[in-house]
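Below is model.pdb, holding PDB, C-alpha atoms and all ligand atoms.
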```
ATOM      1  CA  MET F 649       0.000   0.000   0.000  1.00  0.00           C
ATOM      2  CA  ARG F 650       1.196   3.506  -0.815  1.00  0.00           C
ATOM      3  CA  MET F 651       2.356   5.720   2.065  1.00  0.00           C
ATOM      4  CA  ALA F 652      -0.062   8.586   2.763  1.00  0.00           C
ATOM      5  CA  ILE F 653       1.199  12.045   1.924  1.00  0.00           C
ATOM      6  CA  GLU F 654       2.752  13.668   4.974  1.00  0.00           C
ATOM      7  CA  VAL F 655       1.857  17.340   5.296  1.00  0.00           C
ATOM      8  CA  LYS F 656       3.489  20.128   7.231  1.00  0.00           C
ATOM      9  CA  ILE F 657       1.447  23.290   7.727  1.00  0.00           C
ATOM     10  CA  CYS F 658       3.911  26.091   8.302  1.00  0.00           C
ATOM     11  CA  GLY F 659       3.599  29.530   9.829  1.00  0.00           C
ATOM     12  CA  ILE F 660       1.026  28.570  12.440  1.00  0.00           C
ATOM     13  CA  ASN F 661       0.242  31.677  14.465  1.00  0.00           C
ATOM     14  CA  SER F 662      -3.295  31.287  15.792  1.00  0.00           C
ATOM     15  CA  PRO F 663      -5.365  28.712  17.696  1.00  0.00           C
ATOM     16  CA  ALA F 664      -7.797  28.486  14.758  1.00  0.00           C
ATOM     17  CA  ALA F 665      -5.009  27.650  12.296  1.00  0.00           C
ATOM     18  CA  LEU F 666      -3.520  25.134  14.687  1.00  0.00           C
ATOM     19  CA  SER F 667      -6.885  23.408  15.251  1.00  0.00           C
ATOM     20  CA  ALA F 668      -7.462  23.165  11.506  1.00  0.00           C
ATOM     21  CA  ALA F 669      -4.006  21.641  11.015  1.00  0.00           C
ATOM     22  CA  VAL F 670      -4.315  19.183  13.920  1.00  0.00           C
ATOM     23  CA  GLU F 671      -7.886  18.105  13.182  1.00  0.00           C
ATOM     24  CA  GLY F 672      -7.172  17.921   9.449  1.00  0.00           C
ATOM     25  CA  GLY F 673      -4.341  15.458   9.931  1.00  0.00           C
ATOM     26  CA  ALA F 674      -1.126  17.467   9.567  1.00  0.00           C
ATOM     27  CA  ALA F 675       1.925  15.409  10.531  1.00  0.00           C
ATOM     28  CA  LEU F 676       4.011  18.474  11.306  1.00  0.00           C
ATOM     29  CA  VAL F 677       3.238  22.080  12.224  1.00  0.00           C
ATOM     30  CA  GLY F 678       5.741  24.878  11.779  1.00  0.00           C
ATOM     31  CA  PHE F 679       6.307  27.980  13.863  1.00  0.00           C
ATOM     32  CA  ASN F 680       8.233  30.749  12.174  1.00  0.00           C
ATOM     33  CA  PHE F 681      10.888  32.540  14.199  1.00  0.00           C
ATOM     34  CA  TYR F 682      12.267  34.694  11.378  1.00  0.00           C
ATOM     35  CA  ARG F 683      11.531  38.237  12.507  1.00  0.00           C
ATOM     36  CA  LYS F 684      11.062  39.672   9.022  1.00  0.00           C
ATOM     37  CA  SER F 685       8.432  37.087   8.093  1.00  0.00           C
ATOM     38  CA  PRO F 686       4.730  37.985   8.122  1.00  0.00           C
ATOM     39  CA  ARG F 687       4.380  34.600   9.849  1.00  0.00           C
ATOM     40  CA  PHE F 688       6.738  35.423  12.709  1.00  0.00           C
ATOM     41  CA  VAL F 689       5.518  34.332  16.121  1.00  0.00           C
ATOM     42  CA  THR F 690       7.072  35.311  19.400  1.00  0.00           C
ATOM     43  CA  PRO F 691       8.482  32.421  21.423  1.00  0.00           C
ATOM     44  CA  GLU F 692       5.825  33.133  24.057  1.00  0.00           C
ATOM     45  CA  ALA F 693       2.954  32.865  21.577  1.00  0.00           C
ATOM     46  CA  ALA F 694       4.485  29.812  19.945  1.00  0.00           C
ATOM     47  CA  ALA F 695       4.936  28.129  23.324  1.00  0.00           C
ATOM     48  CA  ALA F 696       1.260  28.584  24.176  1.00  0.00           C
ATOM     49  CA  LEU F 697       0.280  27.016  20.856  1.00  0.00           C
ATOM     50  CA  ALA F 698       2.947  24.302  20.879  1.00  0.00           C
ATOM     51  CA  ARG F 699       1.930  23.046  24.304  1.00  0.00           C
ATOM     52  CA  THR F 700      -1.490  22.064  22.927  1.00  0.00           C
ATOM     53  CA  VAL F 701      -0.158  20.009  19.985  1.00  0.00           C
ATOM     54  CA  PRO F 702      -0.757  16.250  20.318  1.00  0.00           C
ATOM     55  CA  ALA F 703       2.401  14.211  20.771  1.00  0.00           C
ATOM     56  CA  SER F 704       1.895  12.482  17.417  1.00  0.00           C
ATOM     57  CA  ILE F 705       2.463  15.772  15.563  1.00  0.00           C
ATOM     58  CA  LYS F 706       5.936  17.235  15.234  1.00  0.00           C
ATOM     59  CA  ARG F 707       6.433  20.880  16.184  1.00  0.00           C
ATOM     60  CA  VAL F 708       8.981  22.435  13.875  1.00  0.00           C
ATOM     61  CA  ALA F 709      10.892  25.687  14.391  1.00  0.00           C
ATOM     62  CA  VAL F 710      11.653  27.586  11.187  1.00  0.00           C
ATOM     63  CA  ILE F 711      14.890  29.432  11.867  1.00  0.00           C
ATOM     64  CA  VAL F 712      17.183  31.467   9.644  1.00  0.00           C
ATOM     65  CA  ASP F 713      20.885  31.721  10.456  1.00  0.00           C
ATOM     66  CA  LEU F 714      20.373  31.891  14.218  1.00  0.00           C
ATOM     67  CA  ASP F 715      23.409  31.648  16.481  1.00  0.00           C
ATOM     68  CA  ASN F 716      23.712  29.105  19.288  1.00  0.00           C
ATOM     69  CA  GLU F 717      22.613  31.539  21.953  1.00  0.00           C
ATOM     70  CA  ALA F 718      19.388  32.353  20.107  1.00  0.00           C
ATOM     71  CA  ILE F 719      18.644  28.677  19.402  1.00  0.00           C
ATOM     72  CA  ALA F 720      19.232  27.795  23.054  1.00  0.00           C
ATOM     73  CA  ALA F 721      16.889  30.564  24.165  1.00  0.00           C
ATOM     74  CA  LEU F 722      14.234  29.407  21.719  1.00  0.00           C
ATOM     75  CA  LEU F 723      14.446  25.788  22.840  1.00  0.00           C
ATOM     76  CA  ALA F 724      14.265  26.857  26.472  1.00  0.00           C
ATOM     77  CA  ALA F 725      11.085  28.813  25.790  1.00  0.00           C
ATOM     78  CA  VAL F 726       9.185  26.634  23.323  1.00  0.00           C
ATOM     79  CA  PRO F 727       8.575  22.862  23.276  1.00  0.00           C
ATOM     80  CA  LEU F 728       9.886  21.916  19.814  1.00  0.00           C
ATOM     81  CA  ASP F 729      10.597  18.607  18.095  1.00  0.00           C
ATOM     82  CA  MET F 730      12.583  19.656  15.040  1.00  0.00           C
ATOM     83  CA  LEU F 731      14.682  22.537  13.728  1.00  0.00           C
ATOM     84  CA  GLN F 732      14.154  23.653  10.135  1.00  0.00           C
ATOM     85  CA  LEU F 733      17.217  25.540   8.925  1.00  0.00           C
ATOM     86  CA  HIS F 734      16.015  27.916   6.227  1.00  0.00           C
ATOM     87  CA  GLY F 735      18.943  30.267   5.892  1.00  0.00           C
ATOM     88  CA  LYS F 736      22.491  30.058   4.567  1.00  0.00           C
ATOM     89  CA  GLU F 737      23.596  27.406   7.063  1.00  0.00           C
ATOM     90  CA  ASP F 738      26.252  25.192   5.458  1.00  0.00           C
ATOM     91  CA  PRO F 739      26.717  21.467   6.234  1.00  0.00           C
ATOM     92  CA  THR F 740      29.266  22.200   8.965  1.00  0.00           C
ATOM     93  CA  ARG F 741      26.862  24.554  10.720  1.00  0.00           C
ATOM     94  CA  ALA F 742      23.952  22.141  10.294  1.00  0.00           C
ATOM     95  CA  ALA F 743      26.027  19.350  11.845  1.00  0.00           C
ATOM     96  CA  ALA F 744      27.053  21.582  14.734  1.00  0.00           C
ATOM     97  CA  ILE F 745      23.447  22.589  15.456  1.00  0.00           C
ATOM     98  CA  ARG F 746      22.297  18.977  15.368  1.00  0.00           C
ATOM     99  CA  ALA F 747      25.110  17.810  17.675  1.00  0.00           C
ATOM    100  CA  ARG F 748      24.746  20.641  20.139  1.00  0.00           C
ATOM    101  CA  PHE F 749      20.970  20.769  20.491  1.00  0.00           C
ATOM    102  CA  ARG F 750      20.195  17.081  19.911  1.00  0.00           C
ATOM    103  CA  LYS F 751      17.083  17.802  17.885  1.00  0.00           C
ATOM    104  CA  PRO F 752      16.315  16.428  14.434  1.00  0.00           C
ATOM    105  CA  VAL F 753      17.360  18.934  11.787  1.00  0.00           C
ATOM    106  CA  MET F 754      15.704  19.591   8.434  1.00  0.00           C
ATOM    107  CA  LYS F 755      17.696  21.671   5.964  1.00  0.00           C
ATOM    108  CA  ALA F 756      15.874  23.705   3.324  1.00  0.00           C
ATOM    109  CA  ILE F 757      17.629  23.820  -0.036  1.00  0.00           C
ATOM    110  CA  SER F 758      16.680  26.518  -2.545  1.00  0.00           C
ATOM    111  CA  ILE F 759      16.019  25.213  -6.027  1.00  0.00           C
ATOM    112  CA  ALA F 760      15.840  27.026  -9.333  1.00  0.00           C
ATOM    113  CA  GLN F 761      17.685  24.603 -11.614  1.00  0.00           C
ATOM    114  CA  ALA F 762      18.918  21.000 -11.643  1.00  0.00           C
ATOM    115  CA  SER F 763      22.393  21.866 -10.354  1.00  0.00           C
ATOM    116  CA  ASP F 764      20.875  23.311  -7.159  1.00  0.00           C
ATOM    117  CA  LEU F 765      19.923  19.768  -6.147  1.00  0.00           C
ATOM    118  CA  GLU F 766      23.607  18.875  -5.768  1.00  0.00           C
ATOM    119  CA  ALA F 767      23.632  20.611  -2.372  1.00  0.00           C
ATOM    120  CA  ALA F 768      21.456  17.785  -1.034  1.00  0.00           C
ATOM    121  CA  ASP F 769      24.372  15.329  -1.131  1.00  0.00           C
ATOM    122  CA  LYS F 770      26.464  17.556   1.114  1.00  0.00           C
ATOM    123  CA  PHE F 771      23.741  17.886   3.728  1.00  0.00           C
ATOM    124  CA  LEU F 772      22.541  14.270   3.744  1.00  0.00           C
ATOM    125  CA  PRO F 773      25.178  12.953   6.201  1.00  0.00           C
ATOM    126  CA  VAL F 774      24.482  15.685   8.740  1.00  0.00           C
ATOM    127  CA  VAL F 775      20.720  16.251   8.724  1.00  0.00           C
ATOM    128  CA  ASP F 776      17.608  14.164   9.346  1.00  0.00           C
ATOM    129  CA  ARG F 777      15.509  15.556   6.521  1.00  0.00           C
ATOM    130  CA  LEU F 778      15.730  17.716   3.455  1.00  0.00           C
ATOM    131  CA  MET F 779      13.280  20.265   2.146  1.00  0.00           C
ATOM    132  CA  PHE F 780      13.341  21.483  -1.435  1.00  0.00           C
ATOM    133  CA  ASP F 781      11.955  25.015  -1.694  1.00  0.00           C
ATOM    134  CA  ALA F 782      11.852  27.520  -4.534  1.00  0.00           C
ATOM    135  CA  LYS F 783      14.810  29.849  -4.941  1.00  0.00           C
ATOM    136  CA  PRO F 784      13.467  33.363  -5.511  1.00  0.00           C
ATOM    137  CA  PRO F 785      14.599  34.935  -8.797  1.00  0.00           C
ATOM    138  CA  PRO F 786      17.073  37.850  -8.496  1.00  0.00           C
ATOM    139  CA  SER F 787      14.340  40.130  -9.838  1.00  0.00           C
ATOM    140  CA  MET F 788      12.164  39.436  -6.801  1.00  0.00           C
ATOM    141  CA  LYS F 789      12.666  42.402  -4.528  1.00  0.00           C
ATOM    142  CA  ASP F 790      12.294  41.891  -0.787  1.00  0.00           C
ATOM    143  CA  ALA F 791      12.262  38.103  -1.180  1.00  0.00           C
ATOM    144  CA  LEU F 792      12.238  36.151   2.066  1.00  0.00           C
ATOM    145  CA  PRO F 793      14.484  33.090   2.558  1.00  0.00           C
ATOM    146  CA  GLY F 794      11.223  31.102   2.214  1.00  0.00           C
ATOM    147  CA  GLY F 795       7.512  31.713   2.284  1.00  0.00           C
ATOM    148  CA  ASN F 796       7.513  33.582  -1.023  1.00  0.00           C
ATOM    149  CA  ALA F 797       4.538  31.711  -2.522  1.00  0.00           C
ATOM    150  CA  ILE F 798       6.598  30.683  -5.551  1.00  0.00           C
ATOM    151  CA  SER F 799       7.140  27.208  -6.936  1.00  0.00           C
ATOM    152  CA  PHE F 800      10.049  25.724  -8.861  1.00  0.00           C
ATOM    153  CA  ASP F 801      10.059  23.326 -11.788  1.00  0.00           C
ATOM    154  CA  TRP F 802       8.719  20.139 -10.176  1.00  0.00           C
ATOM    155  CA  THR F 803      10.053  17.995 -13.030  1.00  0.00           C
ATOM    156  CA  LEU F 804      13.522  18.540 -11.515  1.00  0.00           C
ATOM    157  CA  LEU F 805      12.481  16.091  -8.767  1.00  0.00           C
ATOM    158  CA  ALA F 806      10.709  13.568 -10.981  1.00  0.00           C
ATOM    159  CA  GLY F 807      12.196  10.099 -10.586  1.00  0.00           C
ATOM    160  CA  ARG F 808      14.629  11.318  -7.924  1.00  0.00           C
ATOM    161  CA  ASP F 809      14.895  10.049  -4.372  1.00  0.00           C
ATOM    162  CA  TRP F 810      17.223  10.548  -1.440  1.00  0.00           C
ATOM    163  CA  PRO F 811      18.108   8.168   1.389  1.00  0.00           C
ATOM    164  CA  LYS F 812      16.507  10.452   3.984  1.00  0.00           C
ATOM    165  CA  PRO F 813      12.988  11.879   4.094  1.00  0.00           C
ATOM    166  CA  TRP F 814      12.558  14.907   1.851  1.00  0.00           C
ATOM    167  CA  MET F 815       9.761  17.440   1.579  1.00  0.00           C
ATOM    168  CA  LEU F 816       8.544  19.530  -1.309  1.00  0.00           C
ATOM    169  CA  ALA F 817       7.802  23.174  -0.503  1.00  0.00           C
ATOM    170  CA  GLY F 818       7.266  26.407  -2.391  1.00  0.00           C
ATOM    171  CA  GLY F 819       3.946  27.929  -3.304  1.00  0.00           C
ATOM    172  CA  LEU F 820       1.898  24.812  -2.611  1.00  0.00           C
ATOM    173  CA  ASN F 821      -1.832  25.369  -2.208  1.00  0.00           C
ATOM    174  CA  PRO F 822      -5.076  23.391  -2.572  1.00  0.00           C
ATOM    175  CA  GLU F 823      -5.184  24.232  -6.306  1.00  0.00           C
ATOM    176  CA  ASN F 824      -1.731  22.978  -7.289  1.00  0.00           C
ATOM    177  CA  LEU F 825      -0.949  20.294  -4.712  1.00  0.00           C
ATOM    178  CA  ALA F 826      -2.203  17.356  -6.774  1.00  0.00           C
ATOM    179  CA  GLU F 827      -0.189  18.438  -9.806  1.00  0.00           C
ATOM    180  CA  ALA F 828       2.901  19.106  -7.689  1.00  0.00           C
ATOM    181  CA  VAL F 829       2.744  15.643  -6.143  1.00  0.00           C
ATOM    182  CA  ARG F 830       2.047  13.943  -9.464  1.00  0.00           C
ATOM    183  CA  ILE F 831       4.965  15.605 -11.242  1.00  0.00           C
ATOM    184  CA  SER F 832       7.556  15.647  -8.457  1.00  0.00           C
ATOM    185  CA  GLY F 833       6.730  12.296  -6.862  1.00  0.00           C
ATOM    186  CA  ALA F 834       6.937  13.948  -3.429  1.00  0.00           C
ATOM    187  CA  ARG F 835       5.265  12.100  -0.551  1.00  0.00           C
ATOM    188  CA  ARG F 836       5.984  14.846   1.980  1.00  0.00           C
ATOM    189  CA  VAL F 837       4.856  18.414   1.400  1.00  0.00           C
ATOM    190  CA  ASP F 838       4.925  21.734   3.184  1.00  0.00           C
ATOM    191  CA  ALA F 839       2.593  24.698   2.714  1.00  0.00           C
ATOM    192  CA  ALA F 840       2.765  28.156   4.240  1.00  0.00           C
ATOM    193  CA  SER F 841       1.477  31.078   2.166  1.00  0.00           C
ATOM    194  CA  GLY F 842      -0.753  28.833   0.052  1.00  0.00           C
ATOM    195  CA  VAL F 843      -3.059  28.226   3.002  1.00  0.00           C
ATOM    196  CA  GLU F 844      -3.528  31.881   3.878  1.00  0.00           C
ATOM    197  CA  ASP F 845      -6.048  34.611   3.059  1.00  0.00           C
ATOM    198  CA  ARG F 846      -3.234  37.173   3.032  1.00  0.00           C
ATOM    199  CA  PRO F 847       0.401  37.123   4.173  1.00  0.00           C
ATOM    200  CA  GLY F 848       0.523  35.961   7.755  1.00  0.00           C
ATOM    201  CA  VAL F 849      -3.216  35.310   8.065  1.00  0.00           C
ATOM    202  CA  LYS F 850      -3.882  31.600   7.919  1.00  0.00           C
ATOM    203  CA  SER F 851      -7.132  30.331   6.438  1.00  0.00           C
ATOM    204  CA  PRO F 852      -8.557  27.394   8.407  1.00  0.00           C
ATOM    205  CA  GLU F 853     -10.677  26.558   5.318  1.00  0.00           C
ATOM    206  CA  LYS F 854      -7.642  26.358   3.043  1.00  0.00           C
ATOM    207  CA  ILE F 855      -5.720  24.336   5.607  1.00  0.00           C
ATOM    208  CA  ARG F 856      -8.597  21.871   5.827  1.00  0.00           C
ATOM    209  CA  ALA F 857      -8.933  21.749   2.028  1.00  0.00           C
ATOM    210  CA  LEU F 858      -5.239  21.060   1.478  1.00  0.00           C
ATOM    211  CA  LEU F 859      -5.133  18.357   4.134  1.00  0.00           C
ATOM    212  CA  ALA F 860      -8.293  16.686   2.817  1.00  0.00           C
ATOM    213  CA  LEU F 861      -6.883  16.711  -0.685  1.00  0.00           C
ATOM    214  CA  ALA F 862      -3.562  15.259   0.488  1.00  0.00           C
ATOM    215  CA  LYS F 863      -5.411  12.236   1.868  1.00  0.00           C
ATOM    216  CA  THR F 864      -6.629  11.415  -1.637  1.00  0.00           C
ATOM    217  CA  LEU F 865      -3.197  11.528  -3.308  1.00  0.00           C
TER     218      LEU F 865
HETATM  219  O1  LIG Q 901       7.081  31.460   5.589  1.00  0.00           O
HETATM  220  C1  LIG Q 901       7.957  32.322   5.742  1.00  0.00           C
HETATM  221  O2  LIG Q 901       7.686  33.517   5.851  1.00  0.00           O
HETATM  222  C2  LIG Q 901       9.395  31.914   5.788  1.00  0.00           C
HETATM  223  C3  LIG Q 901      10.339  32.865   6.110  1.00  0.00           C
HETATM  224  C4  LIG Q 901      11.659  32.532   6.187  1.00  0.00           C
HETATM  225  C5  LIG Q 901      12.071  31.241   5.941  1.00  0.00           C
HETATM  226  C6  LIG Q 901      11.135  30.261   5.614  1.00  0.00           C
HETATM  227  C7  LIG Q 901       9.797  30.576   5.524  1.00  0.00           C
HETATM  228  N1  LIG Q 901       8.842  29.629   5.193  1.00  0.00           N
HETATM  229  C8  LIG Q 901       9.130  28.327   4.725  1.00  0.00           C
HETATM  230  O3  LIG Q 901       9.225  28.364   3.299  1.00  0.00           O
HETATM  231  C9  LIG Q 901       8.442  27.323   2.748  1.00  0.00           C
HETATM  232  C10 LIG Q 901       7.777  27.752   1.462  1.00  0.00           C
HETATM  233  O4  LIG Q 901       6.811  28.739   1.733  1.00  0.00           O
HETATM  234  P1  LIG Q 901       5.532  28.964   0.793  1.00  0.00           P
HETATM  235  O5  LIG Q 901       4.668  27.760   0.920  1.00  0.00           O
HETATM  236  O6  LIG Q 901       6.070  29.176  -0.571  1.00  0.00           O
HETATM  237  O7  LIG Q 901       4.887  30.180   1.322  1.00  0.00           O
HETATM  238  C11 LIG Q 901       7.376  27.045   3.784  1.00  0.00           C
HETATM  239  O8  LIG Q 901       6.910  25.783   3.624  1.00  0.00           O
HETATM  240  C12 LIG Q 901       8.025  27.354   5.070  1.00  0.00           C
HETATM  241  O9  LIG Q 901       8.567  26.189   5.651  1.00  0.00           O
END
```

Here is a file; write its structure as structure tokens.
Ligand SMILES: O=C(O)c1ccccc1N[C@@H]1O[C@H](COP(=O)(O)O)[C@@H](O)[C@H]1O
Amino acid sequence: MRMAIEVKICGINSPAALSAAVEGGAALVGFNFYRKSPRFVTPEAAAALARTVPASIKRVAVIVDLDNEAIAALLAAVPLDMLQLHGKEDPTRAAAIRARFRKPVMKAISIAQASDLEAADKFLPVVDRLMFDAKPPPSMKDALPGGNAISFDWTLLAGRDWPKPWMLAGGLNPENLAEAVRISGARRVDAASGVEDRPGVKSPEKIRALLALAKTL
């Protein structure tokens, strides 16, 4: 039997969004600690939400180039199960974070063309998961490290696999998820802006729709 699609709903910042994700069957929920993101949550707000998440669902911290002191403070304040490195962390830094904080680490790799996938091989020995996200084009002013609601060419992933779990991210929403999964072959997906009414405002309806759709794929 085929493994069900595993979904991460990212940028959770309200009880309504969290309930929709939990009740809809998300396997992971993400809290965004990048201050410039419209999805940023304070550690205090994230802690209040994270404490209510059932143990079967992983609570993921999206962090961007944080130093050890900041990561330690975050982990002291918020119950978290995984660290998602979404900045310019190299394999040495990813390994150091994983060793020091003893949490599973997922490294986001920005993809625009086939050669961008080569970075995966360097991270594989030192992380627990990979995430392939869209690399913003140079013309995109004020691009965030992630959460830009843009997709990359999913055919770049077709027929590919890696020896550790990998997620597809980048502009996924209830309208394009089925196509993205069909073309890329991904069995783990992550959605942030595609389940919002506007940047930073999650839509419980869209979260429910995406999760319901994922169960059919
Ligand atoms: O969502 C953000 O604002 C964000 C900011 C900084 C780093 C990562 C961020 N989000 C992650 O990026 C992927 C793709 O987002 P989207 O679906 O295209 O909006 C998302 O899954 C988050 O994990």

For chain F against ligand LIG 901 (chain Q), with a cut-off of 7 Å and counting all atoms listed in the file, what is the closest atom pair and its distance in Å to one decimal for every residue that makes the cut, ordered by chain and number, as JSON lines?
```
{"residue": "F:Cys658", "atom": "CA", "partner": "Q:LIG901", "partner_atom": "O9", "distance": 5.4}
{"residue": "F:Gly659", "atom": "CA", "partner": "Q:LIG901", "partner_atom": "O1", "distance": 5.8}
{"residue": "F:Gly678", "atom": "CA", "partner": "Q:LIG901", "partner_atom": "O9", "distance": 6.9}
{"residue": "F:Asn680", "atom": "CA", "partner": "Q:LIG901", "partner_atom": "C2", "distance": 6.6}
{"residue": "F:Tyr682", "atom": "CA", "partner": "Q:LIG901", "partner_atom": "C4", "distance": 5.7}
{"residue": "F:Ser685", "atom": "CA", "partner": "Q:LIG901", "partner_atom": "O2", "distance": 4.3}
{"residue": "F:Pro686", "atom": "CA", "partner": "Q:LIG901", "partner_atom": "O2", "distance": 5.8}
{"residue": "F:Arg687", "atom": "CA", "partner": "Q:LIG901", "partner_atom": "O2", "distance": 5.3}
{"residue": "F:Val710", "atom": "CA", "partner": "Q:LIG901", "partner_atom": "C6", "distance": 6.2}
{"residue": "F:Ile711", "atom": "CA", "partner": "Q:LIG901", "partner_atom": "C5", "distance": 6.8}
{"residue": "F:Val712", "atom": "CA", "partner": "Q:LIG901", "partner_atom": "C5", "distance": 6.3}
{"residue": "F:His734", "atom": "CA", "partner": "Q:LIG901", "partner_atom": "C5", "distance": 5.2}
{"residue": "F:Gly735", "atom": "CA", "partner": "Q:LIG901", "partner_atom": "C5", "distance": 6.9}
{"residue": "F:Asp781", "atom": "CA", "partner": "Q:LIG901", "partner_atom": "C10", "distance": 5.9}
{"residue": "F:Leu792", "atom": "CA", "partner": "Q:LIG901", "partner_atom": "C4", "distance": 5.5}
{"residue": "F:Pro793", "atom": "CA", "partner": "Q:LIG901", "partner_atom": "C5", "distance": 4.5}
{"residue": "F:Gly794", "atom": "CA", "partner": "Q:LIG901", "partner_atom": "C6", "distance": 3.5}
{"residue": "F:Gly795", "atom": "CA", "partner": "Q:LIG901", "partner_atom": "O4", "distance": 3.1}
{"residue": "F:Asn796", "atom": "CA", "partner": "Q:LIG901", "partner_atom": "O6", "distance": 4.7}
{"residue": "F:Ala797", "atom": "CA", "partner": "Q:LIG901", "partner_atom": "O6", "distance": 3.5}
{"residue": "F:Ile798", "atom": "CA", "partner": "Q:LIG901", "partner_atom": "O6", "distance": 5.2}
{"residue": "F:Ser799", "atom": "CA", "partner": "Q:LIG901", "partner_atom": "O6", "distance": 6.7}
{"residue": "F:Ala817", "atom": "CA", "partner": "Q:LIG901", "partner_atom": "O8", "distance": 5.0}
{"residue": "F:Gly818", "atom": "CA", "partner": "Q:LIG901", "partner_atom": "O6", "distance": 3.5}
{"residue": "F:Gly819", "atom": "CA", "partner": "Q:LIG901", "partner_atom": "O6", "distance": 3.7}
{"residue": "F:Leu820", "atom": "CA", "partner": "Q:LIG901", "partner_atom": "O5", "distance": 5.4}
{"residue": "F:Asp838", "atom": "CA", "partner": "Q:LIG901", "partner_atom": "O8", "distance": 4.5}
{"residue": "F:Ala839", "atom": "CA", "partner": "Q:LIG901", "partner_atom": "O5", "distance": 4.1}
{"residue": "F:Ala840", "atom": "CA", "partner": "Q:LIG901", "partner_atom": "O5", "distance": 3.8}
{"residue": "F:Ser841", "atom": "CA", "partner": "Q:LIG901", "partner_atom": "O7", "distance": 3.6}
{"residue": "F:Gly842", "atom": "CA", "partner": "Q:LIG901", "partner_atom": "O5", "distance": 5.6}
```

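The coordinates place atom CA of F:Lys656 at 10.3 Å from atom CA of F:Ile855.
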
Run the PyMOL selection byres (((chain F and resi 812) around 12) and not hetatm) against the file shown and list the residues it catches, as a short mmCIF file (atom, residue, chain, number, x, y, z; two decimals) with C-alpha atoms, in the frame of the given file.
```
data_model
loop_
_atom_site.label_atom_id
_atom_site.label_comp_id
_atom_site.auth_asym_id
_atom_site.auth_seq_id
_atom_site.Cartn_x
_atom_site.Cartn_y
_atom_site.Cartn_z
CA VAL F 753 17.36 18.93 11.79
CA MET F 754 15.70 19.59 8.43
CA LYS F 755 17.70 21.67 5.96
CA ALA F 768 21.46 17.78 -1.03
CA ASP F 769 24.37 15.33 -1.13
CA PHE F 771 23.74 17.89 3.73
CA LEU F 772 22.54 14.27 3.74
CA PRO F 773 25.18 12.95 6.20
CA VAL F 774 24.48 15.68 8.74
CA VAL F 775 20.72 16.25 8.72
CA ASP F 776 17.61 14.16 9.35
CA ARG F 777 15.51 15.56 6.52
CA LEU F 778 15.73 17.72 3.46
CA MET F 779 13.28 20.26 2.15
CA ASP F 809 14.90 10.05 -4.37
CA TRP F 810 17.22 10.55 -1.44
CA PRO F 811 18.11 8.17 1.39
CA PRO F 813 12.99 11.88 4.09
CA TRP F 814 12.56 14.91 1.85
CA MET F 815 9.76 17.44 1.58
CA ARG F 836 5.98 14.85 1.98
#
```

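The space between atom CA of F:Ala721 and atom CA of F:Ser667 spans 26.4 Å.
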
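The nearest approach to F:Val701 among the residues F:Ile719, F:Leu666, F:Val689, F:Leu731, with all atoms listed in the file taken into account, belongs to F:Leu666.
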
Determine the axis-aligned bounding box of all atoms of stretch 852-858 of chain F present in the file, pad each side by 6 Å, and express its centre and edge lengths in Å to one decimal place as JSON.
```
{"center_x": -8.0, "center_y": 24.2, "center_z": 4.9, "size_x": 17.4, "size_y": 18.3, "size_z": 18.9}
```
